[in-house]
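First up is the structure itself, then whatever we jot down about it.
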Amino acid sequence: MDRLEILPTVSLASRHRVPGSKSYTNRALAIAAMARGTTTLEGALLSDDTFVAREALGHLGLQIEQDGTTFEVRGQHGEFTGPEKPLYLGNSGTATRFFTAMLTLPGLSVTLTGNERMQERPIGDLLDALNQLGASVKSLYGNNCPPVQIDAQRLRGGTATISGAISSQFLSALLMAAPYAQTDVTLQVRDNLVSKPYVDLTLDIMRQF
């Protein structure tokens with residue numbers, strides 16, 4: 001039999017840089033867009049999901065400068081420019097759900113859409129909760145999936161009940177937009193909340209901002 005001789009190495013590198021996280025990057029991009037002033041995000045993930053999120057923010061009038069995995073985002077405190085055409089978010093569920101809540105803040109009429117697969121993914125629970133909080137949003141085809149039509153009615157606030165059984169992204173989207181509503185927001189979660197660690201991640205990033 002052939003033999004393979006394995007020789008010990010002198011040392012191992014003690015530090016490695018791992019790729020960034022889509023979950024962190026898209027949450028941080030959305031919050032940075034809503035924040036005041038300039039935010040620097042280091043170690044961002046470069047992926048299809050984060051690319052479409054950055055492109056969409058550009059169509060909303062945000063200035064984002066990129067140097068490798070570092071993004072510099074000039075926030076507009078929830079005041080965005082109306083895009084000339086529907087915002088295309090590919091197959092990014094995080095961007096579609098986060099931006100749906102975020103874009104109830106500036107009082108613009110906006111349509112969010114995605115690829116064929118994205119147009120089969122549920123978003124009805126999020127739309128229902130946003131409407132409870134005074135927004136005016138709907139599924140364009142009436143099937144509780146994207147495309148989503150957001151009318152020029154600002155998020156008022158108040159109390160909303162949302163199911164946690166389908167996706168924790170719905171609750172995360174509401175949490176990130178809530179500080180910018182016109183009045184205080186109270187969220188009540190029914191059913192068991194799936195993927196609770198992702199909600200904890202959202203709250204952690206919000207605390208950092």
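Starting from 1 in every chain, residues are counted up; chains themselves are A, B, ... following the order of the structure tokens, and ligands are numbered from 1 as listed.
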Next item on the list: Using DSSP on the backbone coordinates, identify all residues within region 15-203 of chain A classified as strand (DSSP E or B); present the result as a PyMOL selection string.
Entry: chain A and resi 38-41+63-67+70-74+87-88+110-113+137-139+148-150+158-163+185-190
Note to self: When DSSP is applied to the backbone of this structure, which of region 20-186 of chain A are assigned alpha helix (DSSP H)? Write them out as a PyMOL selection string.
What the structure shows: chain A and resi 22-34+48-59+93-102+124-132+168-177
Would you tabulate, counting only C-alpha atoms, all residues of region 56-117 of chain A that have an atom at most 9 Å from an atom of region 13-29 of chain A, showing the closest pair of atoms and their distance in Å to one decimal, sorted by chain then ascending number, as a tab-separated table?
residue	atom	partner	partner_atom	distance
A:Leu57	CA	A:Leu29	CA	8.7
A:Thr69	CA	A:Gly20	CA	8.3
A:Phe71	CA	A:Leu29	CA	8.8
A:Val73	CA	A:Leu29	CA	7.6
A:Thr94	CA	A:Asn26	CA	7.0
A:Ala95	CA	A:Asn26	CA	6.5
A:Phe98	CA	A:Arg27	CA	7.7
Kindly assemble as a Markdown table a list of the region 52-139 of chain A residues that lie within 12 Å of region 163-166 of chain A, each paired with its nearest atom pair and their distance in Å to one decimal, using only C-alpha atoms, sorted first by chain and then by ascending residue number.
| residue | atom | partner | partner_atom | distance |
| --- | --- | --- | --- | --- |
| A:Arg121 | CA | A:Ile166 | CA | 10.5 |
| A:Pro122 | CA | A:Ile166 | CA | 8.3 |
| A:Ile123 | CA | A:Ile166 | CA | 9.2 |
| A:Gly124 | CA | A:Ile166 | CA | 10.2 |
| A:Asp125 | CA | A:Ser163 | CA | 6.7 |
| A:Leu126 | CA | A:Ser163 | CA | 8.8 |
| A:Leu127 | CA | A:Ser163 | CA | 11.6 |
| A:Asp128 | CA | A:Ser163 | CA | 10.1 |
| A:Ala129 | CA | A:Ser163 | CA | 9.2 |
Using C-alpha atoms, can you write the selected residues to a file as a PDB file, in the first residue's frame?
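Ended up saving to selection-v1.pdb:
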ATOM      1  CA  ARG A 121     -42.399  33.294   0.551  1.00  0.00           C
ATOM      2  CA  PRO A 122     -44.872  34.397   3.254  1.00  0.00           C
ATOM      3  CA  ILE A 123     -45.040  37.934   4.578  1.00  0.00           C
ATOM      4  CA  GLY A 124     -48.699  38.245   5.536  1.00  0.00           C
ATOM      5  CA  ASP A 125     -48.179  38.227   9.322  1.00  0.00           C
ATOM      6  CA  LEU A 126     -45.771  41.158   9.049  1.00  0.00           C
ATOM      7  CA  LEU A 127     -48.157  43.118   6.821  1.00  0.00           C
ATOM      8  CA  ASP A 128     -51.012  42.525   9.263  1.00  0.00           C
ATOM      9  CA  ALA A 129     -48.931  43.769  12.219  1.00  0.00           C
TER      10      ALA A 129
END
Got a sec: who's within 8 Å of Gly61 (chain A), counting only C-alpha atoms, leaving out chain neighbours fewer than 5 positions off, as a CSV table (one decimal) with all heavy atoms, in the first residue's frame?
chain,number,residue,atom,x,y,z
A,80,PHE,N,-36.3,58.8,3.4
A,80,PHE,CA,-35.7,58.3,2.2
A,80,PHE,C,-36.3,58.9,1.0
A,80,PHE,O,-37.4,59.6,1.0
A,80,PHE,CB,-36.0,56.8,2.1
A,80,PHE,CG,-35.4,56.0,3.3
A,80,PHE,CD1,-36.3,55.4,4.2
A,80,PHE,CD2,-34.1,56.0,3.6
A,80,PHE,CE1,-35.9,54.7,5.3
A,80,PHE,CE2,-33.6,55.3,4.7
A,80,PHE,CZ,-34.5,54.6,5.5
A,81,THR,N,-35.6,58.8,-0.2
A,81,THR,CA,-36.1,59.3,-1.4
A,81,THR,C,-36.9,58.2,-2.1
A,81,THR,O,-36.5,57.1,-2.2
A,81,THR,CB,-34.9,59.7,-2.3
A,81,THR,OG1,-34.2,60.7,-1.6
A,81,THR,CG2,-35.4,60.3,-3.6
A,82,GLY,N,-38.1,58.6,-2.7
A,82,GLY,CA,-38.9,57.6,-3.4
A,82,GLY,C,-38.2,57.1,-4.6
A,82,GLY,O,-37.7,57.8,-5.5
Notebook entry, point to check: What's the 9 Å shell around Glu55 (chain A), counting only C-alpha atoms, without same-chain residues fewer than 5 positions away, as a VMD selection string?
Noted result: chain A and resid 50 60 87 to 89
Could those selected residues go to a file with N, CA and C atoms, as a tab-separated table (two decimals), in the first residue's frame?
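Saved result, selection-v2.tsv, follows:
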chain	number	residue	atom	x	y	z
A	50	THR	N	-26.71	40.65	0.68
A	50	THR	CA	-26.25	41.97	1.12
A	50	THR	C	-26.06	42.91	-0.08
A	60	LEU	N	-32.90	54.38	-2.67
A	60	LEU	CA	-33.66	55.17	-1.70
A	60	LEU	C	-32.93	56.45	-1.31
A	87	LEU	N	-38.49	48.32	-5.90
A	87	LEU	CA	-37.22	47.88	-5.36
A	87	LEU	C	-37.12	46.37	-5.50
A	88	TYR	N	-36.09	45.90	-6.19
A	88	TYR	CA	-35.89	44.47	-6.43
A	88	TYR	C	-34.91	43.93	-5.39
A	89	LEU	N	-35.34	42.90	-4.65
A	89	LEU	CA	-34.53	42.36	-3.57
A	89	LEU	C	-34.20	40.88	-3.78
Notebook entry, point to check: Do you have the CA of Glu65 (chain A)-CA of Gln149 (chain A) distance handy?
Noted result: 28.8 Å
Margin query: Give me the residues near region 173-178 of chain A as a ChimeraX atom specification, where near means some atom within 9 Å (using only C-alpha atoms) and where sequence neighbours in that chain fewer than 5 positions away do not count.
Written below: /A:27,30-31,34,78,94,97-105,126,129-130,155,157,168,183-187,199,202-203,206
Selection to disk with C-alpha atoms, as a tab-separated table (two decimals), in the first residue's frame:
chain	number	residue	atom	x	y	z
A	27	ARG	CA	-29.69	44.10	10.15
A	30	ALA	CA	-31.14	48.63	7.79
A	31	ILE	CA	-30.49	50.20	11.20
A	34	MET	CA	-32.52	54.67	9.79
A	78	GLY	CA	-35.79	57.23	8.33
A	94	THR	CA	-34.14	39.32	5.38
A	97	ARG	CA	-38.98	41.76	5.46
A	98	PHE	CA	-36.73	44.36	7.11
A	99	PHE	CA	-37.26	46.91	4.33
A	100	THR	CA	-41.02	46.39	4.34
A	101	ALA	CA	-41.16	47.60	7.95
A	102	MET	CA	-38.51	50.30	7.43
A	103	LEU	CA	-40.31	51.83	4.45
A	104	THR	CA	-43.51	52.46	6.40
A	105	LEU	CA	-41.61	55.29	8.13
A	126	LEU	CA	-45.77	41.16	9.05
A	129	ALA	CA	-48.93	43.77	12.22
A	130	LEU	CA	-47.81	46.89	10.33
A	155	LEU	CA	-46.16	54.14	10.86
A	157	GLY	CA	-47.52	53.17	16.57
A	168	SER	CA	-38.60	35.48	13.58
A	183	THR	CA	-45.92	56.98	19.13
A	184	ASP	CA	-44.72	54.16	21.38
A	185	VAL	CA	-45.06	50.61	20.10
A	186	THR	CA	-46.12	47.53	22.08
A	187	LEU	CA	-45.65	44.14	20.40
A	199	VAL	CA	-34.46	38.12	17.72
A	202	THR	CA	-31.56	41.98	16.50
A	203	LEU	CA	-31.90	43.42	19.99
A	206	MET	CA	-30.09	47.76	18.29
Item checked: Which of A:Val148, A:Val110, A:Ala53, A:Leu193 sits closest to Asn91 (chain A) [using only C-alpha atoms] ->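 Result for the nearest residue to Asn91 (chain A): A:Ala53.
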Note to self: Could you check the closest approach to Arg36 (chain A) for each of A:Leu4, A:Tyr180, A:Val194, A:Gln132 and tell me which residue wins, using only C-alpha atoms?
What the structure shows: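 Nearest to Arg36 (chain A): A:Tyr180.
Considering only C-alpha atoms, the residue among A:Ser195, A:Ser47, A:Thr39, A:Gln153 positioned nearest to Gln63 (chain A) is A:Thr39.
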Check: Which distance in Å separates CA of Gly68 (chain A) and CA of Arg207 (chain A), to one decimal?
Finding: 25.7 Å
